[in-house]
Each structure stands twice: as C-alpha cells, then as structure tokens.
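Peer 1: One file is attached below, model-v1.cif, containing mmCIF, C-alpha atoms.
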data_upload
loop_
_atom_site.group_PDB
_atom_site.id
_atom_site.type_symbol
_atom_site.label_atom_id
_atom_site.label_comp_id
_atom_site.auth_asym_id
_atom_site.auth_seq_id
_atom_site.Cartn_x
_atom_site.Cartn_y
_atom_site.Cartn_z
ATOM 1 C CA MET A 198 0.000 0.000 0.000
ATOM 2 C CA GLY A 199 1.513 3.339 -1.075
ATOM 3 C CA ALA A 200 1.806 6.405 1.156
ATOM 4 C CA VAL A 201 -1.133 8.199 -0.488
ATOM 5 C CA GLN A 202 -3.337 5.090 -0.337
ATOM 6 C CA ALA A 203 -2.366 4.514 3.302
ATOM 7 C CA LYS A 204 -3.346 8.081 4.222
ATOM 8 C CA LYS A 205 -6.702 7.731 2.462
ATOM 9 C CA PHE A 206 -7.260 4.390 4.190
ATOM 10 C CA LEU A 207 -6.453 5.934 7.579
ATOM 11 C CA ALA A 208 -8.860 8.816 6.956
ATOM 12 C CA VAL A 209 -11.662 6.416 6.058
ATOM 13 C CA LEU A 210 -11.005 4.258 9.134
ATOM 14 C CA LEU A 211 -11.002 7.279 11.443
ATOM 15 C CA ALA A 212 -14.236 8.554 9.929
ATOM 16 C CA ILE A 213 -15.971 5.211 10.373
ATOM 17 C CA VAL A 214 -14.858 5.028 13.990
ATOM 18 C CA ALA A 215 -16.068 8.576 14.600
ATOM 19 C CA LEU A 216 -19.497 7.782 13.229
ATOM 20 C CA SER A 217 -19.796 4.576 15.214
ATOM 21 C CA GLY A 218 -18.414 6.188 18.375
ATOM 22 C CA PHE A 219 -21.887 7.443 19.235
ATOM 23 C CA LEU A 220 -23.089 3.839 19.484
ATOM 24 C CA ALA A 221 -20.181 2.927 21.741
ATOM 25 C CA GLY A 222 -20.917 6.019 23.816
ATOM 26 C CA TYR A 223 -24.506 4.906 24.210
ATOM 27 C CA TYR A 224 -23.436 1.519 25.513
ATOM 28 C CA THR A 225 -21.053 3.169 27.969
ATOM 29 C CA SER A 226 -23.579 5.737 29.198
ATOM 30 C CA THR A 227 -26.111 3.005 29.927
ATOM 31 C CA GLY A 228 -23.554 0.907 31.799
ATOM 32 C CA ASN A 229 -23.741 -1.818 29.169
ATOM 33 C CA THR A 230 -20.001 -1.803 28.465
ATOM 34 C CA SER A 231 -20.046 -5.503 27.580
ATOM 35 C CA GLN A 232 -21.575 -4.440 24.258
ATOM 36 C CA LEU A 233 -18.449 -2.435 23.357
ATOM 37 C CA GLU A 234 -16.997 -5.598 21.852
ATOM 38 C CA ASN A 235 -19.763 -5.382 19.244
ATOM 39 C CA ALA A 236 -19.323 -1.683 18.467
ATOM 40 C CA MET A 237 -16.540 0.183 16.736
ATOM 41 C CA HIS A 238 -14.866 2.348 19.347
ATOM 42 C CA VAL A 239 -11.691 4.108 20.460
ATOM 43 C CA GLU A 240 -9.720 2.779 23.419
ATOM 44 C CA LEU A 241 -7.181 4.998 25.173
ATOM 45 C CA TYR A 242 -4.150 3.833 27.159
ATOM 46 C CA VAL A 243 -1.783 6.187 29.019
ATOM 47 C CA TYR A 244 1.544 4.985 30.405
ATOM 48 C CA LYS A 245 3.862 6.882 32.744
ATOM 49 C CA ASP A 246 7.469 5.747 32.508
ATOM 50 C CA GLY A 247 6.268 2.435 31.069
ATOM 51 C CA LYS A 248 3.528 1.743 33.638
ATOM 52 C CA LEU A 249 -0.163 1.831 32.682
ATOM 53 C CA VAL A 250 -1.785 4.638 34.694
ATOM 54 C CA TYR A 251 -5.016 5.304 32.766
ATOM 55 C CA TYR A 252 -7.424 3.387 30.543
ATOM 56 C CA ASP A 253 -10.636 4.527 28.871
ATOM 57 C CA PRO A 254 -12.643 1.979 26.821
ATOM 58 C CA ASP A 255 -14.580 4.678 24.947
ATOM 59 C CA ASP A 256 -12.539 7.808 24.292
ATOM 60 C CA PRO A 257 -14.733 10.723 23.114
ATOM 61 C CA THR A 258 -14.243 12.105 19.618
ATOM 62 C CA THR A 259 -14.676 15.721 18.546
ATOM 63 C CA ALA A 260 -16.700 17.392 15.806
ATOM 64 C CA ASN A 261 -13.519 17.622 13.718
ATOM 65 C CA MET A 262 -13.372 13.837 13.494
ATOM 66 C CA LEU A 263 -17.042 13.568 12.618
ATOM 67 C CA ASN A 264 -16.618 16.227 9.954
ATOM 68 C CA ILE A 265 -13.922 14.179 8.228
ATOM 69 C CA PHE A 266 -16.714 11.782 7.263
ATOM 70 C CA VAL A 267 -18.853 14.681 6.035
ATOM 71 C CA GLU A 268 -15.904 16.008 4.040
ATOM 72 C CA MET A 269 -15.382 12.687 2.284
ATOM 73 C CA ALA A 270 -19.105 12.098 1.705
ATOM 74 C CA LYS A 271 -20.107 15.499 0.314
ATOM 75 C CA ASN A 272 -16.960 17.652 0.090
ATOM 76 C CA ALA A 273 -18.214 19.973 2.822
ATOM 77 C CA GLY A 274 -17.559 20.460 6.494
ATOM 78 C CA GLN A 275 -16.683 22.933 9.221
ATOM 79 C CA PHE A 276 -13.332 22.456 10.941
ATOM 80 C CA THR A 277 -11.593 24.395 13.702
ATOM 81 C CA ALA A 278 -7.829 24.073 13.880
ATOM 82 C CA ARG A 279 -5.605 24.006 16.955
ATOM 83 C CA ASP A 280 -4.854 27.717 16.551
ATOM 84 C CA GLY A 281 -8.566 28.592 16.385
ATOM 85 C CA SER A 282 -8.717 29.266 12.646
ATOM 86 C CA THR A 283 -11.724 27.830 10.805
ATOM 87 C CA PHE A 284 -11.864 25.913 7.549
ATOM 88 C CA ASN A 285 -14.639 24.898 5.202
ATOM 89 C CA ALA A 286 -12.617 22.145 3.538
ATOM 90 C CA ILE A 287 -9.662 19.899 4.227
ATOM 91 C CA ASP A 288 -7.576 17.621 2.061
ATOM 92 C CA THR A 289 -7.988 14.073 3.311
ATOM 93 C CA GLN A 290 -4.362 13.457 2.331
ATOM 94 C CA LEU A 291 -3.348 13.496 5.995
ATOM 95 C CA THR A 292 0.238 14.632 6.441
ATOM 96 C CA GLY A 293 0.999 13.851 10.085
ATOM 97 C CA SER A 294 -0.277 13.031 13.550
ATOM 98 C CA MET A 295 0.671 13.727 17.154
ATOM 99 C CA VAL A 296 -0.533 13.057 20.680
ATOM 100 C CA CYS A 297 -0.561 15.681 23.408
ATOM 101 C CA ALA A 298 -1.099 15.923 27.161
ATOM 102 C CA SER A 299 -2.200 19.048 29.030
ATOM 103 C CA ASN A 300 -2.936 20.314 32.527
ATOM 104 C CA GLY A 301 -6.030 22.454 31.972
ATOM 105 C CA THR A 302 -9.490 22.322 33.506
ATOM 106 C CA ALA A 303 -12.524 22.256 31.235
ATOM 107 C CA THR A 304 -15.611 20.226 30.442
ATOM 108 C CA PHE A 305 -15.499 18.106 27.297
ATOM 109 C CA THR A 306 -17.545 19.334 24.341
ATOM 110 C CA ARG A 307 -17.704 17.989 20.803
ATOM 111 C CA ASN A 308 -16.584 21.389 19.509
ATOM 112 C CA MET A 309 -13.245 21.417 21.320
ATOM 113 C CA HIS A 310 -10.388 22.305 18.976
ATOM 114 C CA VAL A 311 -7.480 22.378 21.433
ATOM 115 C CA LEU A 312 -6.674 20.724 24.768
ATOM 116 C CA PRO A 313 -7.145 23.114 27.699
ATOM 117 C CA GLY A 314 -4.160 24.461 29.649
ATOM 118 C CA THR A 315 -0.506 24.005 28.760
ATOM 119 C CA GLU A 316 0.153 21.302 26.182
ATOM 120 C CA TRP A 317 3.077 18.912 25.859
ATOM 121 C CA CYS A 318 3.108 17.122 22.502
ATOM 122 C CA SER A 319 4.990 14.314 20.801
ATOM 123 C CA SER A 320 7.931 15.585 18.775
ATOM 124 C CA THR A 321 8.264 12.567 16.503
ATOM 125 C CA PRO A 322 5.705 10.918 14.170
ATOM 126 C CA LEU A 323 3.308 8.470 15.775
ATOM 127 C CA THR A 324 3.699 4.749 15.327
ATOM 128 C CA VAL A 325 0.724 3.495 13.330
ATOM 129 C CA THR A 326 0.047 -0.234 13.012
ATOM 130 C CA ILE A 327 -2.836 -2.478 12.022
ATOM 131 C CA ASN A 328 -3.251 -5.608 14.118
ATOM 132 C CA GLY A 329 -6.147 -7.710 12.879
ATOM 133 C CA ASN A 330 -9.252 -5.620 13.537
ATOM 134 C CA GLU A 331 -7.343 -2.906 15.437
ATOM 135 C CA LEU A 332 -5.729 0.297 14.223
ATOM 136 C CA ILE A 333 -3.167 1.407 16.825
ATOM 137 C CA MET A 334 -1.662 4.910 16.982
ATOM 138 C CA SER A 335 0.916 5.578 19.696
ATOM 139 C CA GLY A 336 3.413 8.236 20.652
ATOM 140 C CA THR A 337 5.423 9.597 23.566
ATOM 141 C CA VAL A 338 5.385 12.994 25.249
ATOM 142 C CA ASN A 339 8.332 14.351 27.238
ATOM 143 C CA ILE A 340 7.128 16.402 30.205
ATOM 144 C CA ALA A 341 9.033 19.656 30.719
ATOM 145 C CA SER A 342 7.785 20.675 34.184
ATOM 146 C CA THR A 343 6.170 19.276 37.307
ATOM 147 C CA THR A 344 2.382 19.323 36.969
ATOM 148 C CA ASN A 345 -0.772 17.191 36.876
ATOM 149 C CA ILE A 346 -1.868 15.791 33.515
ATOM 150 C CA THR A 347 -5.640 16.205 33.223
ATOM 151 C CA TRP A 348 -6.179 15.788 29.459
ATOM 152 C CA VAL A 349 -4.767 13.818 26.558
ATOM 153 C CA GLY A 350 -5.687 14.087 22.909
ATOM 154 C CA LEU A 351 -4.985 13.090 19.326
ATOM 155 C CA TYR A 352 -4.271 15.621 16.574
ATOM 156 C CA LEU A 353 -3.936 15.096 12.833
ATOM 157 C CA LYS A 354 -2.213 17.501 10.463
ATOM 158 C CA THR A 355 -3.772 17.977 7.063
ATOM 159 C CA ASP A 356 -3.574 20.216 4.042
ATOM 160 C CA SER A 357 -6.408 22.690 4.577
ATOM 161 C CA TYR A 358 -8.272 25.347 2.668
ATOM 162 C CA PRO A 359 -9.599 28.262 4.754
ATOM 163 C CA ALA A 360 -12.832 30.042 3.909
ATOM 164 C CA SER A 361 -10.783 33.105 2.931
ATOM 165 C CA GLY A 362 -9.000 31.123 0.235
ATOM 166 C CA GLY A 363 -5.462 29.879 -0.172
ATOM 167 C CA PHE A 364 -3.764 26.814 1.231
ATOM 168 C CA THR A 365 -2.185 26.022 4.571
ATOM 169 C CA GLU A 366 -1.311 23.162 6.929
ATOM 170 C CA ARG A 367 -3.047 22.941 10.300
ATOM 171 C CA TRP A 368 -3.419 20.561 13.239
ATOM 172 C CA PHE A 369 -6.948 19.336 14.034
ATOM 173 C CA LEU A 370 -8.018 17.829 17.374
ATOM 174 C CA LEU A 371 -9.870 14.574 16.691
ATOM 175 C CA ALA A 372 -10.080 12.994 20.146
ATOM 176 C CA ALA A 373 -9.858 14.599 23.580
ATOM 177 C CA ASP A 374 -10.082 12.793 26.883
ATOM 178 C CA PRO A 375 -10.355 14.363 30.366
ATOM 179 C CA ILE A 376 -8.445 12.215 32.863
ATOM 180 C CA ASP A 377 -10.704 11.233 35.791
ATOM 181 C CA GLN A 378 -7.815 11.067 38.256
ATOM 182 C CA PRO A 379 -5.026 13.539 37.356
ATOM 183 C CA ILE A 380 -1.650 11.966 36.617
ATOM 184 C CA HIS A 381 1.157 13.634 38.577
ATOM 185 C CA VAL A 382 4.310 14.094 36.502
ATOM 186 C CA ASN A 383 7.713 15.611 37.076
ATOM 187 C CA SER A 384 10.089 17.271 34.660
ATOM 188 C CA GLY A 385 11.753 14.540 32.614
ATOM 189 C CA ASP A 386 8.911 12.027 32.922
ATOM 190 C CA VAL A 387 7.790 10.309 29.720
ATOM 191 C CA ILE A 388 4.098 9.807 28.982
ATOM 192 C CA SER A 389 3.138 7.233 26.346
ATOM 193 C CA ILE A 390 -0.292 7.634 24.778
ATOM 194 C CA VAL A 391 -1.907 4.844 22.788
ATOM 195 C CA TYR A 392 -5.123 5.140 20.777
ATOM 196 C CA LYS A 393 -6.641 1.836 19.686
ATOM 197 C CA PHE A 394 -9.409 1.992 17.080
ATOM 198 C CA VAL A 395 -11.290 -1.293 17.387
ATOM 199 C CA PHE A 396 -13.370 -2.727 14.546
ATOM 200 C CA PRO A 397 -15.460 -5.761 15.609
#
For the file at hand, write its structure as structure tokens.
Peer 2:
Amino acid sequence: MGAVQAKKFLAVLLAIVALSGFLAGYYTSTGNTSQLENAMHVELYVYKDGKLVYYDPDDPTTANMLNIFVEMAKNAGQFTARDGSTFNAIDTQLTGSMVCASNGTATFTRNMHVLPGTEWCSSTPLTVTINGNELIMSGTVNIASTTNITWVGLYLKTDSYPASGGFTERWFLLAADPIDQPIHVNSGDVISIVYKFVFP
C-alpha cells in the first residue's frame, strides 16, 4: 500500500470510527459496556514511565473527526484548527499526527479544537500499526515541568483550505479525553499515549 493510499485508508477508518463512536458512547452511558466488543470504538491507554496509569474503553471524539466523514461524503464540512482558525474544507491526504497531554481544567464538548491548559506534545511521528481488527496509533510525550496531567488528545495535520482562500497546513483535534484522576508528573517524565481503534 503506497503512502497516499495509506493516508486515504487511515482517513476512512477514522471517519468510520467517529461515526460509530456514538453507538459505543450509548453503551457506555447506559452501563452496558459488555456491548463495546460489538461496536466500533476508540480505546485509550496512558503509560507513565512504562507503567499503565489510565485506561478509557470509549474515548470521546470531537466534531472535527465527525466532519472528516462529512468532508469525504459530500466535500463539505466545518473544521476548527488548533490555533482557532476555521476551515470549510480539508484535504484528506493526511500529512501527520501527534498526541498531546495538558494540565487544563474544562468540560469536554464535541466542539473542542485544542486541549485546555498548557500542552506537551509528541515531537516525533506516531507509530501506526494495524493488528487484525485494530488500528493502533501511539506516541510519547516528554514532560518539561512538574504538573498534573488532566487531558490527553490526538491531533492530525492535514492540508487545509480556509474560507478566505489559499492553502495552509493545520493541526486538528480529533479525540480529547479528560483524565478522571489527574496523573502527577515531574520534569523529565515520559508519557506514552496509545489510541486503539477497534473494529469488531
């Protein structure tokens, strides 16, 4: 599979997961988590210095992820980038991805476009693998100061076309997860963030 085909394939997979995430969310909200095995969903794993410290079986996705499906289906959408700029179209030739952790306080909304507080982000490309019915995206974040991690998220970079015209590259927040119990970190700690897109 070539690089362009792989990027298109990844975009389609992410869009399908986003659409089906509502079903997984329904199962979770009703306490019927045993049904997650029958629904496409996003699992989140966070490791601190190699030790698992957080797991979420149904990570929430944002409007940006849902709009990727709209973009592919009808060449229309409304996207808000990490810097707050808005776009009415993106190029589904995804050009990069990163995971981030932050220490802000906020309530999750579908329209979030950036993690709250100070962000620490991966500086190298994510590892992306397909294992049977699972798409796994993982990366590491080096923490620069002592703090409590309260959010983690997944961003994708894409070629984008703003409403004002022209062309630019922007980062878009696709998944954002508030950590129920803050993770205390010190300067020099390494946080590993793993997103697992599960297709039953």
Peer 1: One number please: CA of Asp246 in chain A to CA of Ala341 in chain A, in Å, one decimal.
Peer 2: 14.1 Å
Peer 1: May I ask which of the residues A:Val395, A:Ile376, A:Cys318, A:Ile333 is the closest one to Asn345 in chain A, counting only C-alpha atoms?
Peer 2: A:Ile376
Peer 1: With all atoms listed in the file as the counted atoms, please give the residues lying no more than 10 Å from Thr321 in chain A, apart from itself and same-chain residues fewer than 3 positions off, as JSON, numbers by chain.
Peer 2: {"A": [293, 294, 295, 296, 318, 324, 336, 337, 338]}
Peer 1: If you count only C-alpha atoms, which residues fall within 8 Å of Thr259 in chain A, apart from same-chain ones fewer than 3 positions away, as a ChimeraX atom specification?
Peer 2: /A:262-263,306-310,370-373
Peer 1: Compile the contact shell of Tyr251 in chain A as a list in words: residues with an atom at most 10 Å away, counting all atoms listed in the file, same-chain residues fewer than 5 positions apart removed.
Peer 2: Leu241, Tyr242, Val243, Tyr244, Lys245, Ile376, Asp377, Gln378, Pro379, Ile380 and Ile390 of chain A
Peer 1: Step by step, work through what the PyMOL selection byres ((chain A and resi 254) around 6) selects in the shown file, and finish by giving those residues as a list in words.
Peer 2: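 Against this file, the PyMOL selection byres ((chain A and resi 254) around 6) returns the residues Glu240, Asp253 and Asp255 of chain A.
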Peer 1: Expand the PyMOL selection byres ((chain A and resi 384) around 7) into the explicit residue set it covers here, and present it as a list in words.
Peer 2: Ile340, Ala341, Ser342, Thr343, Val382, Asn383, Gly385 and Asp386 of chain A
Peer 1: Go through A:Val325, A:Ile346, A:Met237, A:Met334 and flag the residue nearest Val387 in chain A, using all atoms listed in the file for the distances.
Peer 2: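 With all atoms listed in the file as the atom set, the closest residue is A:Ile346.
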Peer 1: Excluding Lys354 in chain A and any residue of its chain fewer than 5 positions from it, enumerate the residues within 8 Å of it, using all atoms listed in the file, and give them as a list in words.
Peer 2: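 Selected residues are Leu291, Thr292, Gly293, Ser294, Glu366, Arg367, Trp368 and Phe369 of chain A.
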Peer 1: Convert the output of the PyMOL selection byres ((chain A and resi 299) around 8) on the shown file into explicit residues, formatted as a list in words.
Peer 2: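 Answer for the PyMOL selection byres ((chain A and resi 299) around 8): Cys297, Ala298, Asn300, Gly301, Leu312, Pro313, Gly314, Thr315, Glu316, Trp317, Ile346, Thr347, Trp348 and Val349 of chain A.
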Peer 1: What does the file look like for those residues with C-alpha atoms, as a PDB file, keeping the file's coordinate frame?
Peer 2:
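What landed in again36.pdb:
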ATOM      1  CA  CYS A 297      -0.561  15.681  23.408  1.00  0.00           C
ATOM      2  CA  ALA A 298      -1.099  15.923  27.161  1.00  0.00           C
ATOM      3  CA  ASN A 300      -2.936  20.314  32.527  1.00  0.00           C
ATOM      4  CA  GLY A 301      -6.030  22.454  31.972  1.00  0.00           C
ATOM      5  CA  LEU A 312      -6.674  20.724  24.768  1.00  0.00           C
ATOM      6  CA  PRO A 313      -7.145  23.114  27.699  1.00  0.00           C
ATOM      7  CA  GLY A 314      -4.160  24.461  29.649  1.00  0.00           C
ATOM      8  CA  THR A 315      -0.506  24.005  28.760  1.00  0.00           C
ATOM      9  CA  GLU A 316       0.153  21.302  26.182  1.00  0.00           C
ATOM     10  CA  TRP A 317       3.077  18.912  25.859  1.00  0.00           C
ATOM     11  CA  ILE A 346      -1.868  15.791  33.515  1.00  0.00           C
ATOM     12  CA  THR A 347      -5.640  16.205  33.223  1.00  0.00           C
ATOM     13  CA  TRP A 348      -6.179  15.788  29.459  1.00  0.00           C
ATOM     14  CA  VAL A 349      -4.767  13.818  26.558  1.00  0.00           C
TER      15      VAL A 349
END
Peer 1: Give the answer as one residue: which of A:Thr326, A:Ile388, A:Val311, A:Val239 has the shortest atom-to-atom distance to Ser282 in chain A, using only C-alpha atoms?
Peer 2: A:Val311
Peer 1: Closest to Asn330 in chain A among A:His238, A:Lys248, A:His381, A:Arg279, using all atoms listed in the file?
Peer 2: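 Result for the nearest residue to Asn330 in chain A: A:His238.
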Peer 1: Here is a test: counting all atoms listed in the file, which residue of A:Ser319, A:Asn328, A:Tyr252, A:Thr277 is nearest to Asn264 in chain A?
Peer 2: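 Ranking A:Ser319, A:Asn328, A:Tyr252, A:Thr277 by distance to Asn264 in chain A, first place goes to A:Thr277.
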Peer 1: Between CA of Leu249 in chain A and CA of Lys393 in chain A, measure the distance and give it in Å to one decimal.
Peer 2: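 A separation of 14.5 Å between them.
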Peer 1: Provide an axis-aligned box for all listed atoms of range 244-251 of chain A, padding each side by 6 Å; report its centre and its edge lengths in Å to one decimal, as JSON.
Peer 2:
{"center_x": 1.2, "center_y": 4.3, "center_z": 32.5, "size_x": 24.5, "size_y": 17.1, "size_z": 16.3}
Peer 1: Report the distance between CA of Val250 in chain A and CA of Pro322 in chain A in Å, rounded to one decimal place.
Peer 2: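 Spanning CA of Val250 in chain A to CA of Pro322 in chain A is a straight-line distance of 22.7 Å.
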Peer 1: Using only C-alpha atoms, which residue out of A:Ser389, A:Leu351, A:Thr344, A:Asp374 lies closest to Asp256 in chain A?
Peer 2: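 Of the candidates, the smallest distance to Asp256 in chain A is held by A:Asp374.
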